[in-house]
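First up is the structure itself, then whatever we jot down about it.
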Amino acid sequence: MDKDRDIVKENSCKTIIYNAMLKKNPMLASGMVIAPVIMTVDSLPRALTLAASFSLITFFTLLISSFVPKSIVYTVRIIMYAFIGAMVYVPASIALEYFIPEQIERMGIFFPLLIINSFVIYRSESIFFLESKGKMMLDIFFCILGYDAAVLLYGIIREIIGSGTAWETIIGMPVIFSVFAEPFGGFLLLGIMAALLRVVLLTIKRVKQK
Amino acid sequence: MYSKSGKTETSIMTDMLIVLLVLAAVSVYYYGLRAALVIAITVGVCCITDFISIKLRKKDTVVNDISAFITGLTLSMMLPASVPYYEAVIAAVFAIVIAKQAFGGHGCEIFNAAAAGFLFISLCFPENILTYPMYFEKIPFSSLVPSDMLKSSMVKLFITSGSPSVSAPDLLVGKFSGPMGTGFVAILLVAAVFLALRRSVSAIALSAEVVVSGIAVFLLSGFDPNAVLTFFAGGMTLFGMIFLSCEYSSMPQTRSSRLLYGILVGGLTVLLQYYSKTENAIVYAVIIAAPFGIELDRKALSFAEMLKNRRGLFFRSKPLKHVQETLDILDKNDEEK
Amino acid sequence: MELVKNIILTAFTSIIIENTIFSRALGTSTLILVAKSRKNLFGFGLSVTYITAIVSIITYFVGKIFDLNGDAYIYVPLVYIFILGSVYILTLLCLWRFAPPLFLKIRKYVHISAFNCAVLGAMFIISKYCVTFIDYLVHGIGIGLGFVLAVYMTAVVYDKIYSEKAPYAFRGYPLMMIYLGILGMAFWGFSGHMMNY
């Protein structure tokens, strides 16, 4: 964790964006908030739902949480973060249910579970709240954006190979791997995609060196 | 590394290869040339994928490494003779790339590659993988075999109805609907004895598995010997016990942990087949037991180390035989470090 | 007799068939953090099971008094976080007062064991599917134990997953996901899916 802190302090905007979107992508490199991804994202519409609800809840929770004074004991602080999450959930769920009621209902228990995701509980203390306010906003924004992009990509791939559809309309896929629509298939696909991201990062590094 | 008493890895694999080739020959006799084609495709894809992934990882290929060949043969024996060719290819690629090379290649895998590959396609395409053609029937060479030629397996009937439907002599020679090469109980029994005598599979683990699951099924089925035979012949139980669970790379090293591992696999198989009504229960059991095998080994080794430090106290005269064996492995590991 | 049979079946269901990780993926991010060290595994397991058990008992009584499934459902997370937070603080205070050495030992990982998706998810699942008090209690303990089982099975192979021998692209996190996926396929067998073929 100390290492992360040093890196954060020296970060320029460009590296923040690069880290948040690719190198330390919250979903594909650090493995954060993967339960709702594996359980609910099996098509593009559901990926969009997750991305929207996650962004809304996490951004405002982190923003309000950053005002919690550091002088409070850690034990109480962490409960306050969770409590703020639950508070933000109330207007967020009202708003989302107004616009996309069916999709939110299909998320089931994974929608309220977003309030104690690892962004809020673990990453806030170790990275986000150590930065200055402006930088923190930028970092949080791009981390959430990186997560959303990964979720959308995951949703597209999983929908095409898992159920042979795109935006819930059937396209003619020769082979459909129904395994990938199940939870364990979600794990497998996530692992394969994370490995592919590593390959991409290695290639970028090599090109840069040349 | 896996063997004891001077047996090299190559000789173990050669023994495996001989037995698997015999099974392959019998399955070609039973199911015709399409079976041979399926075997050739599976083995070929396994070897080619293995070669390519080793090259991609920039490692040196080992000339006498036939592990991919054996994985391919084991995998093809578990498929029906009517399997569409592309599904055999998918199984082979999954087994080699995901279950073997991603974990670090030969000797580092956690799960048996063939078991993982079979599990993947049997969950993906159950309609093609869990339906079987009859023996001595002419199967067309087209990729998709007409579905009226295919029946569900004998063991599924056994699970749902609870009583065996095939007579004992037919079971012994594999005359029932099932995978290509896993039903020939007579050959498998001879193979088990041969491999155990040659020390190519662990006799302790194998006998623990067979005894535990055999007794459990005997009691659960109301003392019906035919049900026990059906249990071992169908659902690739005996085949899986020999080639999937007792295979050299997924075995614990010490004797005591092999015994416990065998009991675990046998118990899980019966549990899965009788209470969860799962077809091919052994494949699931082998995968679930694999991490526990690793852990048992570690526990046994640390226990032996504890004994070693107190050897003067407990073993004044001579340490027990299997403890001595464990200690030898420990010393060897120390030297390697 | 019937009761004992029911309890065993419920426990089997919640520990293995509907395992928190393998069939619901709840708390996977926590698993990645915790599986690192085998040293604190026992303490972690104990505290997770303890918290899920206590919390499920309280959830039962709260559910009896207030109707949480009606229109008030958007406030349910607030209630649950309140329960969780008070259990967490009370436990820590008790430990601090009566067993200070244990408190110092447990302090490092107790927040991970209380505030994770597995525990909060357990509360949501229990209040949705359970009816009787025994159901609540057994499910609560079972979900905790199932989570610990999954963490244990991952911690066992942690050094293999992170070893130098695994190719760089897969080493670590990607391999852990694949490992959980393959185990999940095998655990799927317990649910007794019979294919219609």
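Chain identifiers are assigned as A, B, and so on, following the order in which chains appear in the structure tokens; residues are numbered from 1 within each chain, and ligands are numbered from 1 in order of appearance.
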At most 10 Å to chain C: residues in chain B, only C-alpha atoms, as an MDAnalysis selection string: chainID B and resid 56:58 98:105 107:111 116:117 119:120 123 126:131 150:153 156 160 268 271:281 283:296 298
Go ahead and write the residues just picked, C-alpha atoms, as a short mmCIF file (atom, residue, chain, number, x, y, z; two decimals), in the first residue's frame.
data_model
loop_
_atom_site.label_atom_id
_atom_site.label_comp_id
_atom_site.auth_asym_id
_atom_site.auth_seq_id
_atom_site.Cartn_x
_atom_site.Cartn_y
_atom_site.Cartn_z
CA LEU B 56 4.26 -18.48 -27.40
CA ARG B 57 5.57 -18.70 -23.86
CA LYS B 58 9.09 -18.78 -25.33
CA ILE B 98 -6.61 -22.99 -19.97
CA ALA B 99 -6.18 -26.00 -17.70
CA LYS B 100 -2.58 -26.84 -18.49
CA GLN B 101 -0.41 -24.12 -20.03
CA ALA B 102 -2.04 -21.18 -18.23
CA PHE B 103 -1.10 -22.79 -14.93
CA GLY B 104 2.50 -23.19 -16.03
CA GLY B 105 2.58 -26.25 -18.24
CA GLY B 107 4.03 -30.51 -13.85
CA CYS B 108 2.48 -27.26 -12.59
CA GLU B 109 -1.18 -27.85 -13.37
CA ILE B 110 -3.62 -27.93 -10.46
CA PHE B 111 -6.45 -29.73 -12.19
CA ALA B 116 -11.33 -29.87 -17.02
CA GLY B 117 -11.68 -30.02 -20.80
CA LEU B 119 -16.25 -30.79 -17.91
CA PHE B 120 -16.21 -27.61 -19.98
CA LEU B 123 -21.63 -28.25 -19.62
CA PRO B 126 -24.73 -31.52 -23.13
CA GLU B 127 -27.03 -32.46 -26.01
CA ASN B 128 -24.06 -33.69 -28.04
CA ILE B 129 -21.65 -34.86 -25.36
CA LEU B 130 -24.03 -36.80 -23.11
CA THR B 131 -25.82 -38.74 -25.85
CA LEU B 150 -28.29 -41.34 -30.23
CA LYS B 151 -29.44 -42.50 -26.81
CA SER B 152 -28.82 -41.17 -23.35
CA SER B 153 -26.28 -43.14 -21.38
CA LYS B 156 -28.44 -42.00 -16.48
CA THR B 160 -33.03 -42.12 -12.32
CA LEU B 268 -17.32 -37.42 -3.33
CA LEU B 271 -22.18 -38.33 -2.93
CA LEU B 272 -22.40 -36.62 -6.31
CA GLN B 273 -23.97 -39.58 -8.07
CA TYR B 274 -26.43 -40.67 -5.38
CA TYR B 275 -27.51 -37.42 -3.77
CA SER B 276 -27.02 -34.88 -6.52
CA LYS B 277 -27.88 -37.33 -9.35
CA THR B 278 -25.00 -36.12 -11.48
CA GLU B 279 -23.86 -38.04 -14.51
CA ASN B 280 -20.10 -38.66 -14.77
CA ALA B 281 -19.70 -37.82 -11.10
CA VAL B 283 -15.00 -35.90 -13.21
CA TYR B 284 -16.55 -33.41 -10.80
CA ALA B 285 -15.09 -35.26 -7.81
CA VAL B 286 -11.56 -35.24 -9.24
CA ILE B 287 -11.67 -31.49 -9.80
CA ILE B 288 -13.06 -30.70 -6.36
CA ALA B 289 -10.52 -32.99 -4.68
CA ALA B 290 -7.48 -31.54 -6.48
CA PRO B 291 -6.82 -28.55 -4.14
CA PHE B 292 -7.33 -30.79 -1.13
CA GLY B 293 -4.73 -33.20 -2.53
CA ILE B 294 -2.20 -30.37 -2.61
CA GLU B 295 -3.10 -29.35 0.93
CA LEU B 296 -2.92 -32.92 2.27
CA ARG B 298 1.68 -30.07 2.51
#
Chain C contacts on chain A, only C-alpha atoms, 8 Å, as an MDAnalysis selection string: chainID A and resid 29:36 38:39 75:76 78:79 82:83 86:87 89:90 93 109 112:113 116:118 121 183:196 198:199
Spatial neighbours of B:Ala35, max dist 12 Å, only C-alpha atoms, sep filter under 2 positions, as a PyMOL selection string: chain B and resi 23-33+37-42+73+76-85+88+132-133+135-141+179-181
Writing out the chosen residues with C-alpha atoms as a CSV table (one decimal), in the first residue's frame:
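Everything below was put into again38.csv:
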chain,number,residue,atom,x,y,z
B,23,LEU,CA,-8.5,-48.9,-25.0
B,24,ALA,CA,-8.4,-46.8,-28.2
B,25,ALA,CA,-8.0,-49.9,-30.3
B,26,VAL,CA,-11.0,-51.6,-28.6
B,27,SER,CA,-13.1,-48.5,-29.0
B,28,VAL,CA,-12.3,-48.3,-32.7
B,29,TYR,CA,-13.4,-52.0,-33.0
B,30,TYR,CA,-16.6,-51.1,-31.2
B,31,TYR,CA,-17.5,-47.8,-32.9
B,32,GLY,CA,-15.8,-48.0,-36.3
B,33,LEU,CA,-13.6,-45.6,-38.1
B,37,LEU,CA,-11.1,-40.0,-36.6
B,38,VAL,CA,-12.3,-38.4,-33.3
B,39,ILE,CA,-9.3,-39.8,-31.5
B,40,ALA,CA,-6.9,-38.6,-34.1
B,41,ILE,CA,-8.4,-35.1,-34.1
B,42,THR,CA,-8.4,-34.8,-30.3
B,73,LEU,CA,-6.0,-39.8,-25.6
B,76,SER,CA,-11.0,-38.7,-26.5
B,77,MET,CA,-11.8,-41.8,-24.5
B,78,MET,CA,-14.4,-39.9,-22.5
B,79,LEU,CA,-16.2,-38.5,-25.6
B,80,PRO,CA,-19.0,-40.3,-27.4
B,81,ALA,CA,-18.0,-41.7,-30.8
B,82,SER,CA,-20.7,-39.4,-32.4
B,83,VAL,CA,-19.2,-36.1,-31.0
B,84,PRO,CA,-19.2,-33.3,-33.6
B,85,TYR,CA,-15.6,-32.7,-34.6
B,88,ALA,CA,-13.7,-32.3,-29.7
B,132,TYR,CA,-24.2,-41.8,-27.3
B,133,PRO,CA,-24.5,-44.1,-30.3
B,135,TYR,CA,-21.9,-50.2,-30.3
B,136,PHE,CA,-21.3,-52.0,-33.7
B,137,GLU,CA,-23.5,-49.5,-35.4
B,138,LYS,CA,-22.4,-47.7,-38.6
B,139,ILE,CA,-21.9,-44.1,-37.6
B,140,PRO,CA,-21.9,-41.6,-40.5
B,141,PHE,CA,-18.8,-39.4,-40.9
B,179,PRO,CA,-18.5,-43.0,-23.9
B,180,MET,CA,-16.0,-44.5,-26.4
B,181,GLY,CA,-13.4,-46.0,-24.2
Taking only residues of chain A that have an atom at most 9 Å from an atom of chain B, what is each one's shortest atom pair and its distance in Å to one decimal, using only C-alpha atoms, in chain and number order, as a Markdown table?
| residue | atom | partner | partner_atom | distance |
| --- | --- | --- | --- | --- |
| A:Ile176 | CA | B:Cys124 | CA | 8.1 |
| A:Phe177 | CA | B:Cys124 | CA | 5.5 |
| A:Ser178 | CA | B:Cys124 | CA | 5.3 |
| A:Val179 | CA | B:Cys124 | CA | 5.1 |
| A:Phe180 | CA | B:Cys124 | CA | 8.4 |
| A:Ile192 | CA | B:Ile98 | CA | 8.6 |
Neighbour list for C:Ala53 as number ranges by chain, cut-off 9 Å, only C-alpha atoms, skip fewer than 5 positions in-chain: C: 48, 58, 136-144
Dump C-alpha atoms for the selected residues as a compact mmCIF listing (two decimals), in the first residue's frame?
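out.txt written:
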# COMPACT_ATOMS: atom_id res chain seq x y z
CA VAL C 48 -16.90 -14.05 9.31
CA ILE C 58 -30.93 -9.92 14.38
CA TYR C 136 -32.18 -18.01 9.37
CA LEU C 137 -29.57 -19.28 11.81
CA VAL C 138 -28.40 -22.29 9.78
CA HIS C 139 -28.28 -20.29 6.58
CA GLY C 140 -26.37 -17.53 8.31
CA ILE C 141 -23.72 -19.90 9.63
CA GLY C 142 -23.70 -21.85 6.37
CA ILE C 143 -23.07 -18.81 4.21
CA GLY C 144 -20.17 -17.81 6.44
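Atom CA of B:Leu172 is found 6.0 Å from atom CA of B:Phe184.
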Residues within 6 Å of stretch 19-24 of chain A, only C-alpha atoms, excluding chain neighbours under 5 positions, as a list in words: Ala29, Phe142, Cys143 and Gly146 of chain A
Could those residues be written to a file, using C-alpha atoms, as a CSV table (one decimal), in the first residue's frame?
chain,number,residue,atom,x,y,z
A,29,ALA,CA,-6.4,-5.7,-13.3
A,142,PHE,CA,-11.5,8.0,-14.5
A,143,CYS,CA,-11.5,4.9,-12.3
A,146,GLY,CA,-12.4,2.6,-16.7
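Taking atom CA of C:Gly146 and atom CA of C:Thr132 as the two end points, the separation is 20.7 Å.
Atom CA of C:Ile106 sits 28.4 Å away from atom CA of C:Phe61.
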List as a short mmCIF file (atom, residue, chain, number, x, y, z; two decimals) with C-alpha atoms, in the first residue's frame the protein and nucleic acid residues near stretch 39-43 of chain C, meaning an atom at most 10 Å away when only C-alpha atoms are counted, but skip any in the same chain fewer than 2 places from it.
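around.cif was written with the following content:
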data_model
loop_
_atom_site.label_atom_id
_atom_site.label_comp_id
_atom_site.auth_asym_id
_atom_site.auth_seq_id
_atom_site.Cartn_x
_atom_site.Cartn_y
_atom_site.Cartn_z
CA VAL C 34 -7.69 -12.49 2.12
CA ALA C 35 -6.35 -15.56 0.32
CA LYS C 36 -2.88 -14.01 0.38
CA SER C 37 -1.89 -15.26 3.79
CA GLY C 45 -13.05 -17.58 9.10
CA LEU C 46 -14.14 -17.51 12.69
CA SER C 47 -14.99 -13.82 12.62
CA VAL C 48 -16.90 -14.05 9.31
CA THR C 49 -18.97 -16.98 10.54
CA LYS C 105 -4.51 -9.62 17.03
CA ILE C 106 -7.85 -9.41 15.29
CA LYS C 108 -5.92 -6.00 11.30
CA TYR C 109 -8.50 -8.02 9.43
CA VAL C 110 -11.76 -7.62 11.30
CA SER C 113 -14.52 -9.74 7.61
CA VAL C 148 -14.49 -19.58 4.36
CA VAL C 151 -11.19 -18.74 0.70
CA TYR C 152 -9.44 -21.80 2.08
CA ALA C 155 -5.37 -19.99 -0.19
#
Long-range neighbours of stretch 210-218 of chain B as a list in words, 10 Å cut-off, only C-alpha atoms, 6 positions minimum in chain: Asp224, Pro225, Asn226, Ala227, Val228, Leu229, Thr230, Phe231, Phe232, Thr237, Leu238, Met241, Ile242, Gly262, Ile263, Leu264, Val265, Gly266, Gly267, Leu268, Thr269, Val270, Leu271, Gln273 and Tyr274 of chain B
Test item, helix (DSSP H, G or I) assignment across stretch 50-121 of chain A, answer as an NGL selection string: :A and (50-65 or 74-99 or 101-110 or 112-116 or 118-121)
Identify all residues of stretch 102-263 of chain B in strand (DSSP E or B) (DSSP on the backbone) and supply them as a PDB file with C-alpha atoms, in the first residue's frame.
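Contents of the output file selection.pdb:
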ATOM      1  CA  THR B 131     -25.821 -38.743 -25.848  1.00  0.00           C
ATOM      2  CA  TYR B 132     -24.194 -41.827 -27.268  1.00  0.00           C
ATOM      3  CA  LYS B 151     -29.441 -42.499 -26.810  1.00  0.00           C
ATOM      4  CA  SER B 152     -28.818 -41.173 -23.352  1.00  0.00           C
TER       5      SER B 152
END
